[in-house]
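Chemist: So here's protein02.txt, just compact mmCIF, C-alpha atoms and all ligand atoms:
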```
# COMPACT_ATOMS: atom_id res chain seq x y z
CA MET A 551 -1.44 -13.61 14.08
CA HIS A 552 -3.80 -11.38 16.00
CA ARG A 553 -5.93 -9.06 13.89
CA ARG A 554 -8.39 -6.47 15.04
CA TYR A 555 -11.16 -5.52 12.59
CA TRP A 556 -13.57 -2.60 12.81
CA LEU A 557 -17.11 -2.81 11.52
CA PRO A 558 -19.20 0.02 10.06
CA GLY A 559 -20.57 2.17 12.86
CA GLU A 560 -18.04 0.94 15.38
CA GLU A 561 -15.97 3.66 16.98
CA ILE A 562 -12.35 3.55 15.95
CA PRO A 563 -9.58 5.75 17.24
CA PRO A 564 -8.25 8.25 14.70
CA ALA A 565 -4.99 6.38 14.63
CA VAL A 566 -4.59 2.84 15.86
CA VAL A 567 -1.07 1.77 16.55
CA THR A 568 0.19 -1.67 17.21
CA SER A 569 3.85 -2.40 17.57
CA GLY A 570 5.21 -5.38 15.76
CA GLY A 571 6.49 -8.20 17.88
CA LYS A 572 7.59 -11.64 16.87
CA GLU A 573 5.44 -11.67 13.74
CA GLY A 574 7.45 -8.87 12.14
CA GLU A 575 10.79 -9.68 13.59
CA LEU A 576 12.37 -12.53 11.73
CA VAL A 577 13.10 -12.47 8.02
CA MET A 578 16.52 -13.99 7.43
CA ALA A 579 19.07 -15.02 9.93
CA SER A 580 20.52 -11.55 10.25
CA VAL A 581 17.79 -9.25 8.93
CA LYS A 582 15.28 -7.85 11.38
CA TYR A 583 12.42 -5.42 11.05
CA ASP A 584 9.47 -4.25 13.02
CA ILE A 585 5.99 -3.18 11.96
CA GLU A 586 3.59 -0.52 13.13
CA VAL A 587 0.03 -0.24 11.82
CA GLN A 588 -2.00 2.94 11.67
CA VAL A 589 -5.57 3.33 10.48
CA SER A 590 -7.45 6.51 9.70
CA ARG A 591 -11.02 6.96 8.50
CA VAL A 592 -11.70 9.53 5.78
CA SER A 593 -14.63 10.53 3.58
CA VAL A 594 -14.30 10.01 -0.16
CA SER A 595 -15.42 13.61 -0.75
CA ARG A 596 -12.50 14.88 1.35
CA LEU A 597 -10.01 12.65 -0.42
CA LEU A 598 -11.14 13.88 -3.81
CA SER A 599 -11.48 17.55 -2.94
CA GLU A 600 -8.28 17.93 -0.92
CA TYR A 601 -5.83 15.40 -2.32
CA TRP A 602 -6.80 14.41 -5.85
CA ASN A 603 -4.48 16.04 -8.39
CA PRO A 604 -4.29 13.54 -11.25
CA ASP A 605 -2.41 15.34 -14.03
CA PRO A 606 1.03 15.78 -12.42
CA VAL A 607 0.82 12.37 -10.76
CA ARG A 608 -0.05 10.73 -14.06
CA GLU A 609 3.08 12.26 -15.56
CA ALA A 610 5.19 11.07 -12.61
CA CYS A 611 3.83 7.54 -13.07
CA LYS A 612 5.42 7.41 -16.52
CA LEU A 613 8.85 7.51 -14.85
CA CYS A 614 8.13 4.36 -12.83
CA PRO A 615 9.87 1.21 -14.11
CA ASP A 616 6.56 -0.64 -13.68
CA TYR A 617 4.63 1.76 -15.92
CA GLY A 618 2.58 -0.25 -18.38
CA LYS A 619 3.90 -3.53 -17.00
CA VAL A 620 1.40 -4.39 -14.27
CA TRP A 621 -2.37 -4.45 -14.58
CA SER A 622 -2.81 -2.65 -11.25
CA CYS A 623 -1.00 0.44 -12.52
CA PRO A 624 -1.28 3.05 -15.28
CA PRO A 625 -2.09 3.31 -18.04
CA GLY A 626 -5.60 1.94 -17.73
CA VAL A 627 -6.42 2.74 -14.11
CA PRO A 628 -9.90 4.32 -13.80
CA GLU A 629 -10.30 7.93 -12.74
CA ALA A 630 -10.51 8.17 -8.94
CA ASP A 631 -13.75 10.17 -8.97
CA ASP A 632 -15.48 7.51 -11.10
CA TYR A 633 -14.00 4.58 -9.27
CA LEU A 634 -14.75 5.86 -5.77
CA LYS A 635 -18.17 7.31 -6.64
CA PRO A 636 -20.12 4.38 -5.13
CA PHE A 637 -18.37 4.77 -1.76
CA ARG A 638 -19.10 7.11 1.12
CA GLU A 639 -15.88 6.76 3.06
CA GLY A 640 -13.01 4.47 3.75
CA PHE A 641 -10.06 3.55 5.90
CA LEU A 642 -6.50 4.34 5.01
CA ILE A 643 -4.33 1.60 6.41
CA ALA A 644 -0.61 2.21 6.74
CA VAL A 645 1.97 -0.36 7.74
CA LYS A 646 5.30 1.13 8.66
CA VAL A 647 8.14 -1.30 8.10
CA LYS A 648 10.85 -0.12 10.48
CA TYR A 649 14.45 -1.12 9.94
CA PRO A 650 16.64 -1.18 13.03
CA GLU A 651 20.17 0.13 12.76
CA GLU A 652 21.62 -3.37 12.44
CA THR A 653 19.48 -3.97 9.34
CA ARG A 654 20.23 -0.59 7.82
CA THR A 655 23.94 -1.19 8.04
CA LEU A 656 23.48 -4.28 5.83
CA ALA A 657 22.08 -2.11 3.03
CA VAL A 658 25.45 -1.07 1.65
CA SER A 659 24.13 -0.51 -1.88
CA ALA A 660 20.85 0.09 -3.67
CA ALA A 661 20.88 -3.56 -4.79
CA LYS A 662 21.36 -4.84 -1.25
CA ALA A 663 18.64 -2.52 0.03
CA GLN A 664 16.27 -3.97 -2.57
CA GLU A 665 17.22 -7.47 -1.52
CA ILE A 666 16.34 -6.64 2.07
CA ARG A 667 13.10 -4.98 0.98
CA ASN A 668 12.13 -8.10 -0.96
CA GLN A 669 12.36 -10.03 2.30
CA THR A 670 10.61 -7.44 4.43
CA TYR A 671 8.62 -4.63 2.88
CA GLU A 672 7.40 -6.60 -0.16
CA LYS A 673 6.35 -9.45 2.08
CA VAL A 674 4.44 -7.06 4.33
CA LYS A 675 2.69 -5.53 1.30
CA ARG A 676 1.60 -8.93 0.08
CA ASN A 677 0.27 -9.91 3.52
CA LEU A 678 -1.49 -6.57 3.78
CA LEU A 679 -3.26 -7.15 0.48
CA LEU A 680 -4.28 -10.69 1.41
CA THR A 681 -5.57 -9.43 4.77
CA LEU A 682 -7.55 -6.66 3.10
CA LEU A 683 -9.07 -9.06 0.61
CA GLU A 684 -10.34 -11.05 3.58
CA LEU A 685 -11.49 -7.93 5.42
CA GLU A 686 -13.30 -6.73 2.31
CA LYS A 687 -15.77 -9.58 2.79
CA GLU A 688 -16.95 -7.86 5.99
CA PHE A 689 -17.96 -4.82 3.95
CA PRO A 690 -20.48 -5.93 1.31
CA GLY A 691 -20.12 -3.72 -1.73
CA GLY A 692 -16.80 -2.39 -0.47
CA ILE A 693 -13.42 -2.62 -2.14
CA CYS A 694 -9.81 -2.37 -1.10
CA ILE A 695 -7.01 -0.59 -2.91
CA GLY A 696 -3.51 -2.00 -2.74
CA ALA A 697 -0.25 -0.61 -1.43
CA GLY A 698 1.61 -0.21 -4.71
CA ARG A 699 1.69 -2.47 -7.74
CA CYS A 700 -0.02 -5.84 -7.63
CA ILE A 701 2.34 -8.52 -6.41
CA LEU A 702 0.05 -11.52 -6.49
CA CYS A 703 2.11 -13.04 -9.30
CA SER A 704 5.88 -12.90 -9.46
CA HIS A 705 5.63 -11.92 -13.14
CA CYS A 706 2.58 -9.93 -14.21
CA ALA A 707 0.79 -11.28 -17.27
CA ARG A 708 0.73 -7.75 -18.71
CA GLN A 709 4.41 -8.07 -19.53
CA ASP A 710 3.53 -10.93 -21.87
CA GLY A 711 0.62 -9.06 -23.41
CA GLU A 712 -1.88 -11.28 -21.61
CA SER A 713 -4.92 -10.53 -19.47
CA CYS A 714 -4.72 -10.48 -15.68
CA ARG A 715 -4.65 -14.01 -14.27
CA TYR A 716 -6.68 -13.10 -11.17
CA PRO A 717 -8.96 -10.21 -12.12
CA LYS A 718 -11.21 -10.84 -9.12
CA LEU A 719 -8.28 -10.51 -6.71
CA ARG A 720 -6.28 -7.80 -8.44
CA ARG A 721 -6.66 -4.40 -6.80
CA TYR A 722 -5.42 -1.12 -8.20
CA SER A 723 -2.51 0.64 -6.56
CA ILE A 724 -3.51 3.53 -4.35
CA THR A 725 -0.62 5.55 -5.78
CA ALA A 726 -2.03 5.12 -9.30
CA PHE A 727 -5.16 7.18 -8.66
CA GLY A 728 -3.55 10.59 -8.79
CA PHE A 729 -3.63 11.62 -5.15
CA ASP A 730 -1.03 13.95 -3.70
CA PHE A 731 0.23 10.94 -1.85
CA ALA A 732 2.94 12.32 0.45
CA ARG A 733 0.68 15.14 1.69
CA MET A 734 -2.27 12.79 2.11
CA VAL A 735 -0.24 10.35 4.19
CA ARG A 736 1.24 13.17 6.27
CA ASP A 737 -2.12 14.85 6.93
CA LEU A 738 -4.31 11.82 7.44
CA LEU A 739 -1.92 9.33 9.00
CA GLY A 740 0.72 11.59 10.49
CA ILE A 741 3.49 9.77 8.64
CA GLU A 742 6.29 11.43 6.72
CA LEU A 743 7.45 9.42 3.72
CA LEU A 744 11.20 8.85 3.71
CA TRP A 745 13.64 8.16 0.88
CA SER A 746 17.17 6.86 0.92
CA PRO A 747 18.42 6.43 -2.65
CA ASP A 748 21.40 4.21 -1.88
CA GLY A 749 20.37 2.44 1.28
CA LEU A 750 17.44 1.91 3.61
CA PRO A 751 15.62 4.75 5.33
CA GLU A 752 14.54 4.45 8.93
CA TYR A 753 11.26 2.99 7.64
CA ASP A 754 9.19 2.35 4.51
CA VAL A 755 5.42 2.67 4.53
CA ALA A 756 2.86 0.51 2.76
CA VAL A 757 -0.40 2.43 2.44
CA SER A 758 -3.63 0.86 1.26
CA GLY A 759 -7.31 1.68 1.43
CA LEU A 760 -10.63 -0.02 2.11
CA PHE A 761 -13.71 1.81 0.88
CA TYR A 762 -17.33 1.08 1.69
CA THR A 763 -20.77 2.43 0.95
S1 LIG B 1 -2.94 -10.77 -10.40
FE1 LIG B 1 -1.04 -11.27 -11.50
S2 LIG B 1 -1.53 -10.85 -13.65
FE2 LIG B 1 -3.07 -9.77 -12.42
S3 LIG B 1 -2.28 -7.68 -12.08
FE3 LIG B 1 -1.63 -8.94 -10.35
S4 LIG B 1 0.43 -9.64 -10.92
FE4 LIG B 1 -0.60 -8.98 -12.82
```
Could you write out this structure as C-alpha cells?
Ligand code: SF4
Modeler:
Amino acid sequence: MHRRYWLPGEEIPPAVVTSGGKEGELVMASVKYDIEVQVSRVSVSRLLSEYWNPDPVREACKLCPDYGKVWSCPPGVPEADDYLKPFREGFLIAVKVKYPEETRTLAVSAAKAQEIRNQTYEKVKRNLLLTLLELEKEFPGGICIGAGRCILCSHCARQDGESCRYPKLRRYSITAFGFDFARMVRDLLGIELLWSPDGLPEYDVAVSGLFYT
C-alpha cells in the first residue's frame, strides 16, 4: 500500500486527494467500495474558537448506543481545550468510503447496511487508526485522535467493568471532544456528512486528527 506522509514544515496542499484503486476495491465477492483521502491542516486555536461547542454535543453523545461502553468515548473524555493545549496545530484526515450503486442496492435494510459497513467502513477506520499510530511516531510529542469509537478490540473491556487493555494505543474519538463536527468537516475538508437511516448513503466519512507541537 502506498502512503504519502508529510513532515512538519513541509508544504502540503490544502486538500490532498487520492482515489482508491485496488486496495479499496474488494471486500466480499459482491461488495465493492472506493476510498478517497483528504487532509487539511488547522491550528488548534481555530478549532477551539470556531468549532468547539461541548455542552450540546455532550448531551447528544448520551443518545449513542456506545455511550459509557467504550473507553475512547464519553463519559470520561478530557476537555478538548485541556487535551489539545500542548499542541500548536494538526491535520484533519478524512477517508471517504464511497459505495457504488451496485453496493448500495445490496443494503436493503438497516441491518444489511451495517453488515456492509462492517466489511468496509469499519475496516477502513481500523486501518486509518493503525496508520496514524505509525505516523504519530514521526511527530515526537504529537498524538492522533481516532475516527469514532476505539475498535482495537472486538469487545471493549469497559463493558465488563475492566480497564482498557491497550491504554498506550487507545485514542479518543474525535467526535467525543465536543466539536460542531458536521460544520467543521464541511468548512475544513469540504465534505458534507450524509445519512441514510435505512440503507447506505453515497459515502461515509471517517475523520481523524493528528496533532503536534
Ligand atoms: S483498546 Fe480495547 S479495551 Fe481499550 S478502549 Fe479500545 S476497545 Fe476498549
Chemist: With all atoms listed in the file as the atoms that count, which of A:Pro636, A:Gly626, A:Gly692, A:Gly759 lies nearest to ligand LIG 1 (chain B)?
Modeler: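 Residue with the minimum atom-to-atom distance to ligand LIG 1 (chain B): A:Gly626.
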Chemist: List as a list in words the protein and nucleic acid residues lying within 8 Å of ligand LIG 1 (chain B), with all atoms listed in the file counted.
Modeler: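 Answer in the requested format: Val620, Trp621, Ser622, Arg699, Cys700, Ile701, Leu702, Cys703, Ser704, His705, Cys706, Ala707, Arg708, Glu712, Ser713, Cys714, Arg715, Tyr716, Pro717, Leu719, Arg720 and Arg721 of chain A.
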Chemist: From the set A:Glu672, A:Pro625, A:Leu750, A:Asp737, which residue has the shortest atom-to-atom contact distance to Glu609 (chain A), counting all atoms listed in the file?
Modeler: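 Nearest candidate to Glu609 (chain A) out of A:Glu672, A:Pro625, A:Leu750, A:Asp737: A:Pro625.
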Chemist: So how far away is CA of Tyr762 (chain A) from CA of Trp602 (chain A), in Å?
Modeler: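 One can read the CA of Trp602 (chain A) to CA of Tyr762 (chain A) distance as 18.6 Å.
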Chemist: Any idea what's packed within 12 Å of Arg596 (chain A), counting all atoms listed in the file, ignoring anything in its chain fewer than 6 positions away? Could you give it as a list in words?
Modeler: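 The contact residues come out as Trp602, Asp631, Leu634, Arg638, Glu639, Gly640, Phe729, Met734, Asp737 and Leu738 of chain A.
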Chemist: Between CA of Leu760 (chain A) and CA of Tyr583 (chain A), measure the distance and give it in Å to one decimal.
Modeler: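 The value is 25.3 Å.
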